[in-house]
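Data file: start02.txt. Format and content: compact mmCIF, C-alpha atoms.
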# COMPACT_ATOMS: atom_id res chain seq x y z
CA MET A 1 121.58 70.59 84.66
CA ARG A 2 118.52 72.54 85.73
CA VAL A 3 115.62 73.76 83.60
CA LEU A 4 114.93 77.18 85.14
CA ALA A 5 111.75 79.12 84.40
CA ILE A 6 111.23 82.67 85.68
CA GLY A 7 107.74 84.12 86.00
CA ASP A 8 106.33 87.52 85.09
CA VAL A 9 108.91 90.23 85.89
CA HIS A 10 106.76 93.27 85.00
CA GLY A 11 109.48 95.90 85.22
CA CYS A 12 110.86 94.70 88.58
CA LEU A 13 114.57 94.85 87.86
CA GLY A 14 115.59 94.67 91.54
CA HIS A 15 113.68 91.42 91.99
CA LEU A 16 115.22 90.00 88.83
CA ASP A 17 118.80 90.87 89.72
CA ASP A 18 118.40 89.49 93.24
CA LEU A 19 116.84 86.28 91.93
CA LEU A 20 119.52 85.71 89.29
CA ALA A 21 122.28 86.34 91.84
CA TRP A 22 120.75 83.82 94.23
CA VAL A 23 119.87 81.07 91.76
CA ALA A 24 123.11 81.64 89.79
CA PRO A 25 122.21 79.88 86.53
CA ALA A 26 125.15 77.81 85.31
CA ALA A 27 126.22 77.46 81.69
CA THR A 28 124.66 73.99 81.67
CA ASP A 29 121.28 75.21 82.94
CA GLU A 30 118.46 75.99 80.55
CA LEU A 31 117.04 79.45 81.30
CA ILE A 32 113.51 80.34 80.23
CA PHE A 33 111.55 83.56 80.85
CA LEU A 34 107.77 83.27 80.62
CA GLY A 35 106.91 86.74 79.29
CA ASP A 36 105.46 90.01 80.63
CA TYR A 37 108.78 91.77 81.13
CA VAL A 38 107.24 95.22 80.61
CA ASP A 39 104.62 97.43 82.31
CA ARG A 40 103.36 97.99 85.85
CA GLY A 41 106.68 97.80 87.71
CA PRO A 42 109.11 100.75 87.84
CA ASP A 43 111.87 99.72 85.42
CA THR A 44 110.76 98.21 82.12
CA ARG A 45 113.84 99.74 80.49
CA GLY A 46 116.19 98.10 82.97
CA VAL A 47 114.53 94.70 82.65
CA LEU A 48 114.77 94.71 78.86
CA ASN A 49 118.41 95.82 79.07
CA ARG A 50 119.12 92.93 81.42
CA LEU A 51 117.44 90.33 79.19
CA ILE A 52 119.27 91.58 76.12
CA GLU A 53 122.57 91.42 78.02
CA LEU A 54 121.83 87.88 79.17
CA LYS A 55 121.05 86.73 75.63
CA GLN A 56 124.38 88.11 74.47
CA LYS A 57 126.23 86.02 77.06
CA ARG A 58 124.38 82.70 77.07
CA PRO A 59 121.42 80.86 75.53
CA VAL A 60 118.17 82.23 76.93
CA VAL A 61 114.59 81.51 75.86
CA CYS A 62 112.30 84.52 76.15
CA LEU A 63 108.60 83.90 75.63
CA ARG A 64 106.14 86.52 74.47
CA GLY A 65 103.54 87.73 76.96
CA ASN A 66 100.34 89.68 76.44
CA HIS A 67 101.97 92.86 77.73
CA GLU A 68 104.65 92.68 75.04
CA VAL A 69 101.85 92.19 72.51
CA MET A 70 100.04 95.28 73.83
CA MET A 71 103.16 97.44 73.88
CA LEU A 72 103.89 96.66 70.24
CA GLU A 73 100.26 97.24 69.23
CA ALA A 74 100.23 100.56 71.08
CA ARG A 75 103.28 101.79 69.17
CA PHE A 76 101.68 101.67 65.73
CA GLY A 77 98.05 100.94 66.52
CA SER A 78 95.01 103.06 67.09
CA ARG A 79 94.31 105.56 69.82
CA SER A 80 92.26 102.88 71.62
CA ASP A 81 95.25 100.49 71.49
CA ARG A 82 97.43 103.12 73.18
CA LYS A 83 94.76 103.94 75.74
CA GLN A 84 94.32 100.28 76.60
CA TRP A 85 98.07 99.71 77.04
CA LEU A 86 98.56 102.84 79.13
CA SER A 87 95.75 101.73 81.44
CA VAL A 88 97.43 98.39 82.26
CA GLY A 89 100.97 99.52 82.95
CA GLY A 90 102.12 101.37 79.87
CA VAL A 91 102.33 104.59 81.88
CA GLN A 92 104.95 103.02 84.14
CA ALA A 93 106.77 101.53 81.17
CA LEU A 94 107.11 104.87 79.37
CA GLY A 95 108.04 106.49 82.66
CA SER A 96 111.14 104.29 82.82
CA TYR A 97 112.32 105.78 79.51
CA GLY A 98 111.94 109.39 80.66
CA PRO A 99 114.88 111.79 80.43
CA ALA A 100 114.65 112.59 84.15
CA LEU A 101 113.01 111.26 87.29
CA GLY A 102 109.30 112.02 87.17
CA VAL A 103 109.38 112.90 83.47
CA SER A 104 107.71 110.37 81.19
CA GLY A 105 109.29 109.14 78.02
CA THR A 106 107.62 108.58 74.67
CA PHE A 107 107.72 105.79 72.12
CA ASP A 108 110.61 107.63 70.47
CA ASP A 109 112.63 107.33 73.69
CA VAL A 110 112.48 103.51 73.60
CA PRO A 111 115.78 102.32 72.05
CA GLY A 112 115.59 100.57 68.72
CA GLY A 113 117.20 97.52 70.26
CA HIS A 114 114.30 97.20 72.67
CA TRP A 115 111.74 97.32 69.87
CA GLU A 116 113.74 94.72 67.94
CA PHE A 117 113.88 92.47 71.00
CA LEU A 118 110.12 92.73 71.56
CA GLU A 119 109.27 92.11 67.92
CA TYR A 120 111.84 89.53 66.82
CA GLU A 121 113.49 87.86 69.83
CA LEU A 122 110.42 86.51 71.62
CA VAL A 123 108.83 83.13 70.94
CA PRO A 124 105.23 81.94 71.54
CA TYR A 125 106.18 78.80 73.46
CA HIS A 126 109.09 76.51 74.30
CA GLU A 127 108.90 72.73 74.32
CA THR A 128 111.27 70.14 75.78
CA ASP A 129 110.98 66.38 76.06
CA ARG A 130 109.01 66.73 79.33
CA PHE A 131 107.65 70.26 79.49
CA ILE A 132 105.74 72.96 77.62
CA PHE A 133 106.59 76.52 78.65
CA VAL A 134 104.03 79.15 77.71
CA HIS A 135 102.98 82.56 78.95
CA ALA A 136 99.27 81.94 79.56
CA GLY A 137 97.99 78.53 78.54
CA VAL A 138 97.49 75.79 75.98
CA ASP A 139 94.48 74.19 74.34
CA HIS A 140 94.37 70.46 75.12
CA ASP A 141 93.37 69.40 71.62
CA ALA A 142 95.60 71.67 69.51
CA ALA A 143 99.17 71.00 68.43
CA LEU A 144 101.55 73.64 69.71
CA ASP A 145 102.01 75.17 66.27
CA ASP A 146 98.23 75.53 66.01
CA GLN A 147 97.59 77.16 69.39
CA PRO A 148 95.46 80.32 69.10
CA ASP A 149 96.96 83.59 70.28
CA ASN A 150 94.19 84.00 72.80
CA MET A 151 95.27 80.80 74.54
CA LEU A 152 99.01 81.50 74.38
CA TYR A 153 98.88 85.06 75.68
CA TRP A 154 95.52 85.83 77.31
CA GLU A 155 93.75 82.80 78.79
CA PHE A 156 93.57 82.74 82.57
CA LEU A 157 94.33 79.64 84.59
CA PRO A 158 91.53 77.05 84.45
CA GLU A 159 90.94 74.24 86.93
CA ALA A 160 93.14 71.92 84.85
CA MET A 161 95.44 72.35 81.86
CA ARG A 162 96.39 68.98 80.44
CA HIS A 163 97.89 69.06 76.96
CA ARG A 164 97.30 66.04 74.75
CA SER A 165 101.05 65.43 74.61
CA GLY A 166 101.01 64.56 78.32
CA LYS A 167 103.78 67.08 78.98
CA GLN A 168 103.71 69.28 82.07
CA VAL A 169 102.80 72.90 81.34
CA ILE A 170 104.74 75.70 83.06
CA CYS A 171 103.04 79.09 82.71
CA GLY A 172 102.70 82.61 84.08
CA HIS A 173 100.11 85.32 83.37
CA SER A 174 97.52 84.39 86.03
CA SER A 175 98.81 86.42 88.94
CA GLN A 176 98.79 84.49 92.23
CA ARG A 177 98.24 87.09 94.91
CA SER A 178 99.06 84.48 97.53
CA GLY A 179 102.67 84.79 96.35
CA LEU A 180 102.88 81.01 95.93
CA PRO A 181 103.01 78.95 92.73
CA LYS A 182 99.63 77.50 91.77
CA VAL A 183 99.53 73.80 90.91
CA ILE A 184 96.63 72.39 88.91
CA PRO A 185 96.33 69.05 87.08
CA GLY A 186 98.78 69.22 84.19
CA ALA A 187 100.29 72.62 84.94
CA VAL A 188 101.90 75.00 87.40
CA CYS A 189 101.66 78.79 87.30
CA ILE A 190 104.60 80.83 88.60
CA ASP A 191 103.31 84.39 88.16
CA THR A 192 103.44 85.29 91.86
CA HIS A 193 102.54 89.01 91.64
CA ALA A 194 106.05 90.49 91.81
CA TYR A 195 104.99 94.01 90.82
CA GLY A 196 102.14 94.15 93.35
CA GLY A 197 104.01 93.39 96.54
CA GLY A 198 104.34 89.66 95.89
CA TRP A 199 107.33 87.57 94.87
CA LEU A 200 109.31 86.86 91.71
CA THR A 201 109.67 83.12 91.24
CA CYS A 202 112.22 80.88 89.55
CA LEU A 203 111.20 77.22 89.20
CA ASP A 204 113.49 74.32 88.36
CA ALA A 205 111.00 72.34 86.29
CA LEU A 206 112.95 69.10 86.69
CA SER A 207 113.05 68.99 90.49
CA GLY A 208 110.07 71.18 91.37
CA ARG A 209 112.27 73.34 93.59
CA TYR A 210 111.60 77.06 93.44
CA TRP A 211 113.28 80.25 94.69
CA GLN A 212 111.55 83.58 95.37
CA VAL A 213 112.56 87.17 96.15
CA ASP A 214 110.46 90.22 96.97
CA VAL A 215 110.80 93.98 96.69
CA ILE A 216 112.76 94.36 99.95
CA GLY A 217 115.17 91.55 99.11
CA ARG A 218 113.70 88.80 101.26
CA LYS A 219 114.30 85.26 100.03
CA ARG A 220 112.40 82.04 100.41
CA GLU A 221 112.26 78.71 98.67
CA GLY A 222 110.03 75.67 98.41
CA ARG A 223 109.01 72.80 96.19
CA VAL A 224 105.95 72.04 94.08
CA ASP A 225 104.45 68.60 93.55
CA TYR A 226 102.98 68.30 90.08
CA GLU A 227 99.43 66.96 89.77
CA GLU A 228 98.92 64.44 86.97
Please express the file's structure as structure tokens.
Amino acid sequence: MRVLAIGDVHGCLGHLDDLLAWVAPAATDELIFLGDYVDRGPDTRGVLNRLIELKQKRPVVCLRGNHEVMMLEARFGSRSDRKQWLSVGGVQALGSYGPALGVSGTFDDVPGGHWEFLEYELVPYHETDRFIFVHAGVDHDAALDDQPDNMLYWEFLPEAMRHRSGKQVICGHSSQRSGLPKVIPGAVCIDTHAYGGGWLTCLDALSGRYWQVDVIGRKREGRVDYEE
């Protein structure tokens, strides 16, 4: 059994398909996505289709990221909510729903199943006996059920992230432009800047082994050593 976490996909369906084909999650593996499936990359629609298909075939944990939060707020929120979302990747997201290449879609072009997935199928965190999986971060002193939204979805990687439970935190959100996972005391970040020319990362939390693919299909792997 492996406990497989995949970092921020951001509309990069090619990366995701290549990574899943390489890692080949087995039925006995736990599969966890850390959020930010939408925006910035070219194929938000394709990524959401793929995640929905996966969830229909096997157990999958999909966390909520700040970009999912913004997309939902933009749909029914104010003009400033829409402007903010469009400025951080919403333009690319709507573009993937367009009726033709180069023609942008609208909120009405997003299938109902995608809105339902974003609103009802995502969870704020996932906890196992050894690990806490979260999009952005955790407050050391707060129980998981009491974590503030700002910490779960928005907080950038500090110098250390030790939760009071003593469990290792696996997170995304803080894009590592080096393309390598970032290890700090108590946590490891696996957002490795897939949409910006970096790599999409899958980490086996149990062994520390990770696999990465980039936009042109290159593959590489490595291992992280957790800092206590």
In terms of all atoms listed in the file, the residue from A:Lys57, A:Arg223, A:Arg218, A:His114 at minimal distance from A:Gly14 is A:Arg218
So which residues fall inside 7 Å of (94.2, 66.9, 77.3) if we count all atoms listed in the file? Mind giving them as number ranges by chain? A: 140-141, 162-164
Counting all atoms listed in the file, I want the residues whose atoms come within 10 Å of (109.8, 68.8, 83.1) in the file frame, returned as a PDB file with C-alpha atoms, keeping the file's coordinate frame.
ATOM      1  CA  ARG A   2     118.520  72.540  85.730  1.00  0.00           C
ATOM      2  CA  VAL A   3     115.620  73.760  83.600  1.00  0.00           C
ATOM      3  CA  GLU A 127     108.900  72.730  74.320  1.00  0.00           C
ATOM      4  CA  THR A 128     111.270  70.140  75.780  1.00  0.00           C
ATOM      5  CA  ASP A 129     110.980  66.380  76.060  1.00  0.00           C
ATOM      6  CA  ARG A 130     109.010  66.730  79.330  1.00  0.00           C
ATOM      7  CA  PHE A 131     107.650  70.260  79.490  1.00  0.00           C
ATOM      8  CA  ILE A 132     105.740  72.960  77.620  1.00  0.00           C
ATOM      9  CA  PHE A 133     106.590  76.520  78.650  1.00  0.00           C
ATOM     10  CA  LYS A 167     103.780  67.080  78.980  1.00  0.00           C
ATOM     11  CA  GLN A 168     103.710  69.280  82.070  1.00  0.00           C
ATOM     12  CA  VAL A 169     102.800  72.900  81.340  1.00  0.00           C
ATOM     13  CA  ILE A 170     104.740  75.700  83.060  1.00  0.00           C
ATOM     14  CA  ASP A 204     113.490  74.320  88.360  1.00  0.00           C
ATOM     15  CA  ALA A 205     111.000  72.340  86.290  1.00  0.00           C
ATOM     16  CA  LEU A 206     112.950  69.100  86.690  1.00  0.00           C
ATOM     17  CA  SER A 207     113.050  68.990  90.490  1.00  0.00           C
ATOM     18  CA  GLY A 208     110.070  71.180  91.370  1.00  0.00           C
ATOM     19  CA  TYR A 226     102.980  68.300  90.080  1.00  0.00           C
TER      20      TYR A 226
END
Sorted by chain and rising residue number, which residues of stretch 2-75 of chain A lie within 9 Å of stretch 198-202 of chain A, and what are their closest atom pairs and distances in Å to one decimal, counting all atoms listed in the file, as JSON lines?
{"residue": "A:Leu4", "atom": "CA", "partner": "A:Cys202", "partner_atom": "CA", "distance": 6.4}
{"residue": "A:Ala5", "atom": "CA", "partner": "A:Cys202", "partner_atom": "CA", "distance": 5.5}
{"residue": "A:Ile6", "atom": "CA", "partner": "A:Cys202", "partner_atom": "CA", "distance": 4.4}
{"residue": "A:Gly7", "atom": "CA", "partner": "A:Thr201", "partner_atom": "CA", "distance": 5.7}
{"residue": "A:Asp8", "atom": "CA", "partner": "A:Leu200", "partner_atom": "CA", "distance": 7.3}
{"residue": "A:Val9", "atom": "CA", "partner": "A:Leu200", "partner_atom": "CA", "distance": 6.7}
{"residue": "A:Cys12", "atom": "CA", "partner": "A:Leu200", "partner_atom": "CA", "distance": 8.6}
{"residue": "A:His15", "atom": "CA", "partner": "A:Leu200", "partner_atom": "CA", "distance": 6.3}
{"residue": "A:Leu16", "atom": "CA", "partner": "A:Leu200", "partner_atom": "CA", "distance": 7.3}
{"residue": "A:Leu19", "atom": "CA", "partner": "A:Cys202", "partner_atom": "CA", "distance": 7.5}
{"residue": "A:Leu20", "atom": "CA", "partner": "A:Cys202", "partner_atom": "CA", "distance": 8.8}
{"residue": "A:Val23", "atom": "CA", "partner": "A:Cys202", "partner_atom": "CA", "distance": 8.0}
Counting only C-alpha atoms, give me one row per residue of stretch 81-164 of chain A with an atom at most 6 Å from an atom of stretch 40-56 of chain A, showing the shortest contact pair and its distance in Å to one decimal, sorted by chain then residue number, as a tab-separated table.
residue	atom	partner	partner_atom	distance
A:Gly89	CA	A:Arg40	CA	4.1
A:Gln92	CA	A:Arg40	CA	5.5
A:Ala93	CA	A:Thr44	CA	5.3
A:Ser96	CA	A:Asp43	CA	5.3
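For the choices A:Glu155, A:Asp29, A:Asp36, A:Glu227, the atom-to-atom distance to A:Met70 is smallest for A:Asp36 when using all atoms listed in the file.
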May I ask which of the residues A:Asp191, A:Asp225, A:Asp109, A:Glu121 is the closest one to A:Ala136, counting all atoms listed in the file?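 Of the candidates, the smallest distance to A:Ala136 is held by A:Asp191.
Taking all atoms listed in the file into account, A:Lys219 lies nearest to A:Ala21 out of the set A:Gly112, A:Met1, A:Ala21, A:Glu159.
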For A:Ile32, which residue among A:Gly65, A:Pro158, A:Arg209, A:Val60 is the nearest when counting all atoms listed in the file?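 Using all atoms listed in the file, A:Ile32 sits closest to A:Val60.
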